[in-house]
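I have placed the structure first, in the form of C-alpha cells, so that the comments after it can refer back to it.
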Amino acid sequence: MINETPRVRFAPSPTGYLHVGGLRTALYNYLFAKHNNGDFVLRIEDTDRNRYVEGALENLLDTLEWVGLTPDEGPRQGGNYGPYIQSERLDIYKKYTDELVEKGKAYHCFCSPERLTELKESQRAAKLPQMKYDKKCLDLSKEEVAEKLANNESHVIRLNVEPGSKVIIKDIIRGHVEFDRNTIDDQVLIKSDGYPTYHMANVVDDHLMNITHVIRGEEWLSSTPKHILLYDYLGWEIPEFAHLPLLLNADRSKLSKRQGDVAVEDYREKGYLKDSLVNFVALLGWSAGDDKEFYYLDELTKAFDLNRVQKSGAVFNVDKLNWLNGEHIKNMSNEKLLPYLKLELDKSEFNSGDFDDEYLLKVVEAMKSRLTFYSDFIERSSYFFKAPESFDEDIVKKRWKKYSAEYLEKFIKAIETLENPGHDEFQDTLKKTAEELGVGNGQLIHPARLAVSGIGVGPGVFDLLAILGKEEVIKRIKTAIEKIK
RNA sequence: GGCGCAUUCGUCUAGUGGUCCAGGACACCGCCCUCUCAAGGCGGAGAUCACGGGUUCAAAUCCCGUAUGCGCUACCA
C-alpha cells in the first residue's frame, strides 16, 4: 500500500472506440486505484476538433461499463457529463496560460504554418541535430503583441523553455529519466482555434482534479519533461508518473488495426468474455510473480502492484486469449452459462423458447469443456437442437460399415423396451447388444454417434443418447439407416 | 538526424549477485485416460538470458560500449 490515497485518471480521446491498449491503461489505473482504496476518474480529452467522432463518447462509456471498469467520477451515460470534458473547460486553460504569459513562461506566437514548415525544412536541410521552433516571436515587444492581438491576427501560445538544469522524471516503472532542457521544444499550449493542446489541458486538469498518479502509455514519456516544466512554472506539485509499456503486433510494431482487431468492441462481438479479455490484458505487461494466470477482476485488484509492471512492450497473442476464454467458460456454473446458451440460440435459426431449462442445462454440462466461445454451442453441437440433415462423409466412410445398419436396428429394438433410459441404461443396452452380436462396442458406438449427431466428434455417446432421449434417438437412428447407404 | 525507452524459449513471463548448464503458461509434439473430440494427468522439444567488454571468488542479475527494435520529434492525442 502506498501512503496517500491515490487518485488516478483514465483520459482517452473520443475518436471512435476503446482500443485494447486503452483498455489496458484503463485497467492498470483502475487496479492501482482500487488496490489502494483510491479513486478512478474518467476524463475526456476532446481538444482536437478535427478528430471528434459523433457517438464515440457514449460508445466509450458503454464499453468501459461492459468490462466492469466503472469510473468513480466522470461523464455518465445519458448526457450528464459533468466537468470531465475538456472542451467544456476552455476558460480554465485560458486562465492558466494567461498566468504563464504574465510570468514570461509562455508567449504569443504569430508565425504562420508556412513559416513553421519552412523553418523545419531549412533545419533539416542544414542537418541541424534537432528541429525546434526558433523563438522568433519571443522577441516581439508587448506593444507589438497587443497590436497584433487587437488586429485579430491568428496566433498560438507557446511554452517558453528557458535554459537550465536537466529535467528529471521519476517514473515508477522506469526509474530516473533525464532530459536536457535544450532538447525540449517550445510546445504549443493553446492552438489558434483557442483549444488547448494535450500538454496544457492535461497538466491543468491533473492538477485541478488532484490526480496523484499519472499512469499512461509509454508514448507519453518523451513529452513528460514539457509537463514537468508546466507544473514547475505554475508552482504546482508534480504527480507520480508511471509509463506503461506498449501493446504490440506480432511483428513488434505498435498494435494497429491493419494487423488484427484493436477495438474492445470487436472482441466483444466475436464472443470473448469480458472476464477473459480483462484477465488477458492484465497479464500483458504485469505478473504477480507467481504462476497464477487465471484471474477475475477482484483477484487482480488484490494482487496488482504497479512496481511489478514490465518495461518492454508485449505482443498481443490471440492464442492465449482464446485459451483463457475457454478457461473462463469452464469455470462458470451451468446455471450461469444457461442464459448465454439461450442468447446464442436466439441469435441462430433456433429459438430458446422451444427447449426447457432442464434440457439446456444438460447440453451445457455436456459441452462446457469443449467450448472456446459461447457460439460454439451452436457451431459444434447444433444436433442438440435439430436432427442432422446430413452425415459427415469422411466419418461415414470411416465408421459406417457393411453391417452397421443391421447392428443399429438390433440396438433400437433393445432400446424400445426401456423406460426413460439414462446414461447407464443406454450403456448397458449397447454393451449387451454388442455382446449378443459378438462384436466390439465400437461397432455400435461410432455408427450410433454418427446417426444421432451427423458428425464424429462430441460428448460421450451415452451422454448424447441420454440427453436426446429415447424417442428422438430411435427416430434419428431410423432416419440415418434410411439415408446412409 | 536528434532525444528517450527497451532487449530471458515462437509468444506472455519468473528471476533483483551464488539455490539457474534458467522455472511457469500459451502454442507445438508424444504418452496416459478413452467410444470420438475436448477436458484432465504425465512427459518432450524449445532461451549459448541481443552482442562485446569490464567489476566480482561468483552475473540473466551491477557498470560501460555496440547492435537491433520501439516511441517521441504536430496548432494529434
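Letters for chains follow the order of the C-alpha cells (A, B, ...), residue numbers begin at 1 for each chain, and ligand numbers begin at 1 in the order shown.
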
Q) How would you write, as JSON, numbers by chain, the set of residues in region 159-359 of chain A that DSSP gives as alpha helix (DSSP H)? A) {"A": [198, 199, 200, 201, 202, 203, 204, 205, 206, 207, 208, 224, 225, 226, 227, 228, 229, 230, 231, 232, 233, 234, 264, 265, 266, 267, 268, 269, 270, 274, 275, 276, 277, 278, 279, 280, 281, 282, 297, 298, 299, 300, 301, 302, 303, 318, 319, 320, 321, 322, 323, 324, 325, 326, 327, 328, 329, 330, 334, 335, 336, 337, 338, 339, 340, 341, 342, 343, 344, 345, 346, 347, 357, 358, 359]}

Residues from the last selection, C-alpha atoms, saved as a PDB file, in the first residue's frame:
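Once everything was written out, this is out-v3.pdb:
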```pdb
ATOM      1  CA  TYR A 198      -2.982  17.831 -24.806  1.00  0.00           C
ATOM      2  CA  HIS A 199       0.002  19.034 -22.825  1.00  0.00           C
ATOM      3  CA  MET A 200      -1.642  22.118 -21.377  1.00  0.00           C
ATOM      4  CA  ALA A 201      -5.070  20.639 -20.748  1.00  0.00           C
ATOM      5  CA  ASN A 202      -3.578  17.535 -19.257  1.00  0.00           C
ATOM      6  CA  VAL A 203      -1.400  19.291 -16.719  1.00  0.00           C
ATOM      7  CA  VAL A 204      -4.079  21.759 -15.693  1.00  0.00           C
ATOM      8  CA  ASP A 205      -6.717  19.068 -15.282  1.00  0.00           C
ATOM      9  CA  ASP A 206      -4.485  16.621 -13.481  1.00  0.00           C
ATOM     10  CA  HIS A 207      -3.654  19.342 -11.007  1.00  0.00           C
ATOM     11  CA  LEU A 208      -7.168  20.667 -10.593  1.00  0.00           C
ATOM     12  CA  THR A 224       6.719  14.387 -19.916  1.00  0.00           C
ATOM     13  CA  PRO A 225       9.543  16.950 -19.475  1.00  0.00           C
ATOM     14  CA  LYS A 226       7.236  19.557 -21.007  1.00  0.00           C
ATOM     15  CA  HIS A 227       4.635  18.644 -18.428  1.00  0.00           C
ATOM     16  CA  ILE A 228       7.139  18.842 -15.602  1.00  0.00           C
ATOM     17  CA  LEU A 229       8.133  22.303 -16.774  1.00  0.00           C
ATOM     18  CA  LEU A 230       4.487  23.339 -16.744  1.00  0.00           C
ATOM     19  CA  TYR A 231       3.920  22.114 -13.196  1.00  0.00           C
ATOM     20  CA  ASP A 232       7.077  23.908 -12.235  1.00  0.00           C
ATOM     21  CA  TYR A 233       6.158  27.207 -13.895  1.00  0.00           C
ATOM     22  CA  LEU A 234       2.689  27.107 -12.394  1.00  0.00           C
ATOM     23  CA  VAL A 264     -12.564  -3.825 -27.481  1.00  0.00           C
ATOM     24  CA  GLU A 265     -15.969  -3.952 -29.125  1.00  0.00           C
ATOM     25  CA  ASP A 266     -14.545  -6.169 -31.885  1.00  0.00           C
ATOM     26  CA  TYR A 267     -13.606  -8.749 -29.292  1.00  0.00           C
ATOM     27  CA  ARG A 268     -16.927  -8.314 -27.593  1.00  0.00           C
ATOM     28  CA  GLU A 269     -18.717  -9.008 -30.858  1.00  0.00           C
ATOM     29  CA  LYS A 270     -16.554 -12.015 -31.549  1.00  0.00           C
ATOM     30  CA  LYS A 274     -15.157  -9.550 -20.552  1.00  0.00           C
ATOM     31  CA  ASP A 275     -13.550 -11.641 -17.856  1.00  0.00           C
ATOM     32  CA  SER A 276     -11.086 -13.282 -20.192  1.00  0.00           C
ATOM     33  CA  LEU A 277     -10.330 -10.058 -22.030  1.00  0.00           C
ATOM     34  CA  VAL A 278      -9.575  -8.279 -18.770  1.00  0.00           C
ATOM     35  CA  ASN A 279      -7.617 -11.260 -17.476  1.00  0.00           C
ATOM     36  CA  PHE A 280      -5.574 -11.470 -20.652  1.00  0.00           C
ATOM     37  CA  VAL A 281      -4.844  -7.780 -20.987  1.00  0.00           C
ATOM     38  CA  ALA A 282      -3.806  -7.554 -17.329  1.00  0.00           C
ATOM     39  CA  LEU A 297     -11.174  -8.627 -11.754  1.00  0.00           C
ATOM     40  CA  ASP A 298     -11.412  -8.640  -7.965  1.00  0.00           C
ATOM     41  CA  GLU A 299      -8.471 -11.018  -7.714  1.00  0.00           C
ATOM     42  CA  LEU A 300      -6.449  -8.778  -9.993  1.00  0.00           C
ATOM     43  CA  THR A 301      -7.308  -5.849  -7.772  1.00  0.00           C
ATOM     44  CA  LYS A 302      -5.957  -7.683  -4.766  1.00  0.00           C
ATOM     45  CA  ALA A 303      -2.763  -8.784  -6.462  1.00  0.00           C
ATOM     46  CA  VAL A 318      -4.692 -14.213 -29.568  1.00  0.00           C
ATOM     47  CA  ASP A 319      -3.901 -17.896 -28.933  1.00  0.00           C
ATOM     48  CA  LYS A 320      -3.548 -17.254 -25.264  1.00  0.00           C
ATOM     49  CA  LEU A 321      -6.668 -15.098 -25.194  1.00  0.00           C
ATOM     50  CA  ASN A 322      -8.603 -17.978 -26.745  1.00  0.00           C
ATOM     51  CA  TRP A 323      -7.282 -20.366 -24.150  1.00  0.00           C
ATOM     52  CA  LEU A 324      -8.262 -18.019 -21.349  1.00  0.00           C
ATOM     53  CA  ASN A 325     -11.715 -17.625 -22.847  1.00  0.00           C
ATOM     54  CA  GLY A 326     -12.188 -21.380 -22.705  1.00  0.00           C
ATOM     55  CA  GLU A 327     -10.883 -21.439 -19.147  1.00  0.00           C
ATOM     56  CA  HIS A 328     -13.326 -18.780 -18.054  1.00  0.00           C
ATOM     57  CA  ILE A 329     -16.195 -20.651 -19.657  1.00  0.00           C
ATOM     58  CA  LYS A 330     -15.153 -23.866 -17.936  1.00  0.00           C
ATOM     59  CA  ASN A 334     -24.050 -24.440 -15.640  1.00  0.00           C
ATOM     60  CA  GLU A 335     -26.696 -22.078 -14.319  1.00  0.00           C
ATOM     61  CA  LYS A 336     -24.588 -19.075 -15.154  1.00  0.00           C
ATOM     62  CA  LEU A 337     -23.851 -20.407 -18.599  1.00  0.00           C
ATOM     63  CA  LEU A 338     -27.500 -21.126 -19.390  1.00  0.00           C
ATOM     64  CA  PRO A 339     -28.529 -17.586 -20.367  1.00  0.00           C
ATOM     65  CA  TYR A 340     -25.625 -17.391 -22.789  1.00  0.00           C
ATOM     66  CA  LEU A 341     -26.677 -20.595 -24.480  1.00  0.00           C
ATOM     67  CA  LYS A 342     -30.180 -19.151 -24.814  1.00  0.00           C
ATOM     68  CA  LEU A 343     -28.761 -15.978 -26.289  1.00  0.00           C
ATOM     69  CA  GLU A 344     -26.833 -17.976 -28.855  1.00  0.00           C
ATOM     70  CA  LEU A 345     -29.937 -19.983 -29.704  1.00  0.00           C
ATOM     71  CA  ASP A 346     -31.931 -16.839 -30.290  1.00  0.00           C
ATOM     72  CA  LYS A 347     -29.193 -15.429 -32.473  1.00  0.00           C
ATOM     73  CA  ASP A 357     -34.112 -25.280 -18.975  1.00  0.00           C
ATOM     74  CA  GLU A 358     -33.624 -28.808 -17.747  1.00  0.00           C
ATOM     75  CA  TYR A 359     -32.737 -29.924 -21.241  1.00  0.00           C
TER      76      TYR A 359
END
```

Q.
When you look at region 65-74 of chain B with a cut-off of 9 Å (counting only C-alpha atoms (C1' of nucleotides)), what residues show up, excluding the ones that are within fewer than 3 positions of it in the same chain? I need them as a ChimeraX atom specification.
A. /A:130-132,218-223,246,252-254,313 /B:2-7,50-53

**Q.** d(CA of Lys166 (chain A), CA of Glu178 (chain A)) in Å
**A.**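 Distance reported for this atom pair: 6.4 Å.
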
Once you count only C-alpha atoms (C1' of nucleotides), what closest atom pair and distance in Å to one decimal does each residue of chain A within 6 Å of chain B have, with rows by chain and rising residue number, as a tab-separated table?
```
residue	atom	partner	partner_atom	distance
A:Pro129	CA	B:G2	C1'	5.2
A:Gln130	CA	B:G2	C1'	4.7
A:Lys191	CA	B:C75	C1'	4.4
A:Ser192	CA	B:C75	C1'	5.9
A:Glu219	CA	B:G71	C1'	5.3
A:Ser222	CA	B:C72	C1'	5.3
A:Asp291	CA	B:G24	C1'	5.7
A:Ser312	CA	B:A6	C1'	5.3
A:Lys320	CA	B:C26	C1'	4.9
A:Ser369	CA	B:A39	C1'	5.3
A:Arg370	CA	B:A38	C1'	4.8
A:Gly442	CA	B:C35	C1'	5.9
A:Ile445	CA	B:C35	C1'	5.6
A:Gly456	CA	B:U36	C1'	5.7
A:Val457	CA	B:C37	C1'	4.4
A:Gly458	CA	B:C37	C1'	5.2
```

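Between CA of Arg49 (chain A) and CA of Arg158 (chain A) there is a distance of 19.5 Å.
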
Q.
Report, in Å to a single decimal, how far apart CA of Ala387 (chain A) and CA of Glu471 (chain A) are.
A.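 Atom-to-atom, CA of Glu471 (chain A) to CA of Ala387 (chain A), that is 12.2 Å.
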
Q | Long-range neighbours of Glu58 (chain A) as a ChimeraX atom specification, 9 Å cut-off, only C-alpha atoms (C1' of nucleotides), 5 positions minimum in chain | A | /A:14,63,76-79

**Q.** Per-residue DSSP, region 211-417 of chain A, filtered to strand (DSSP E or B), as a PyMOL selection string
**A.** chain A and resi 213-217+240-244+247-248+254+263+286+309+314-315

Q) Could you pull the residues within 7 Å of Phe110 (chain A), counting only C-alpha atoms (C1' of nucleotides), minus those fewer than 6 positions along the same chain, as a list in words? A) Cys137, Ser154, His155 and Val156 of chain A
